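Peer 1: Encoded as structure tokens, here's the structure I'll be asking about.
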Amino acid sequence: MSDHHAQPTQDGPRMDQNETDDAAKAEGIIAQTAQDLPGQPHDIVREALAQRFEQSGVAASDDDLNGHADEVIKRSSGS
């Protein structure tokens, strides 16, 4: 006797949704920080980003944070 109500199985690999979610969160953090801290120096922006990334649970290396701070400064200056 077969069970016609069996749950489907996953036979292939799952796509990792966390990478996409983290990328979207990172973009949101960068955009919001650019709006919140226009004209601020790199060290202030970087510290704010570090706090926001930590609070959101998104991993960011020192190099990532420095690059994101550069991007925030670029966006907030209208470049």
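Labels for the structure tokens follow display order: chains A, B, ..., residues from 1 in each chain, ligands from 1.
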Show me, as a ChimeraX atom specification, the residues that have an atom within 9 Å of region 54-59 of chain A when counting only C-alpha atoms, minus same-chain residues fewer than 2 positions from it.
Peer 2: /A:22-23,25-26,29,49-52,61
Peer 1: Using only C-alpha atoms, which residue out of A:Gly28, A:Gln35, A:Asp43, A:Phe53 lies closest to Asn66 (chain A)?
Peer 2: A:Asp43
Peer 1: In terms of the shortest atom-to-atom distance over only C-alpha atoms, which of A:Ala34, A:Ala24, A:Ala48, A:Ala60 is closest to Arg75 (chain A)?
Peer 2: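 Going through A:Ala34, A:Ala24, A:Ala48, A:Ala60 one by one, the smallest distance to Arg75 (chain A) is for A:Ala34.
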Peer 1: Skipping near chain neighbours, those fewer than 2 positions away, what residues fall within 10 Å of Asp36 (chain A) using only C-alpha atoms, listed as a PyMOL selection string?
Peer 2: chain A and resi 30-34+38-40+45+48+72+76
Peer 1: Hey, can you check how far CA of Asp21 (chain A) sits from CA of Asp62 (chain A)?
Peer 2: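 Between CA of Asp21 (chain A) and CA of Asp62 (chain A) the gap works out to 20.3 Å.
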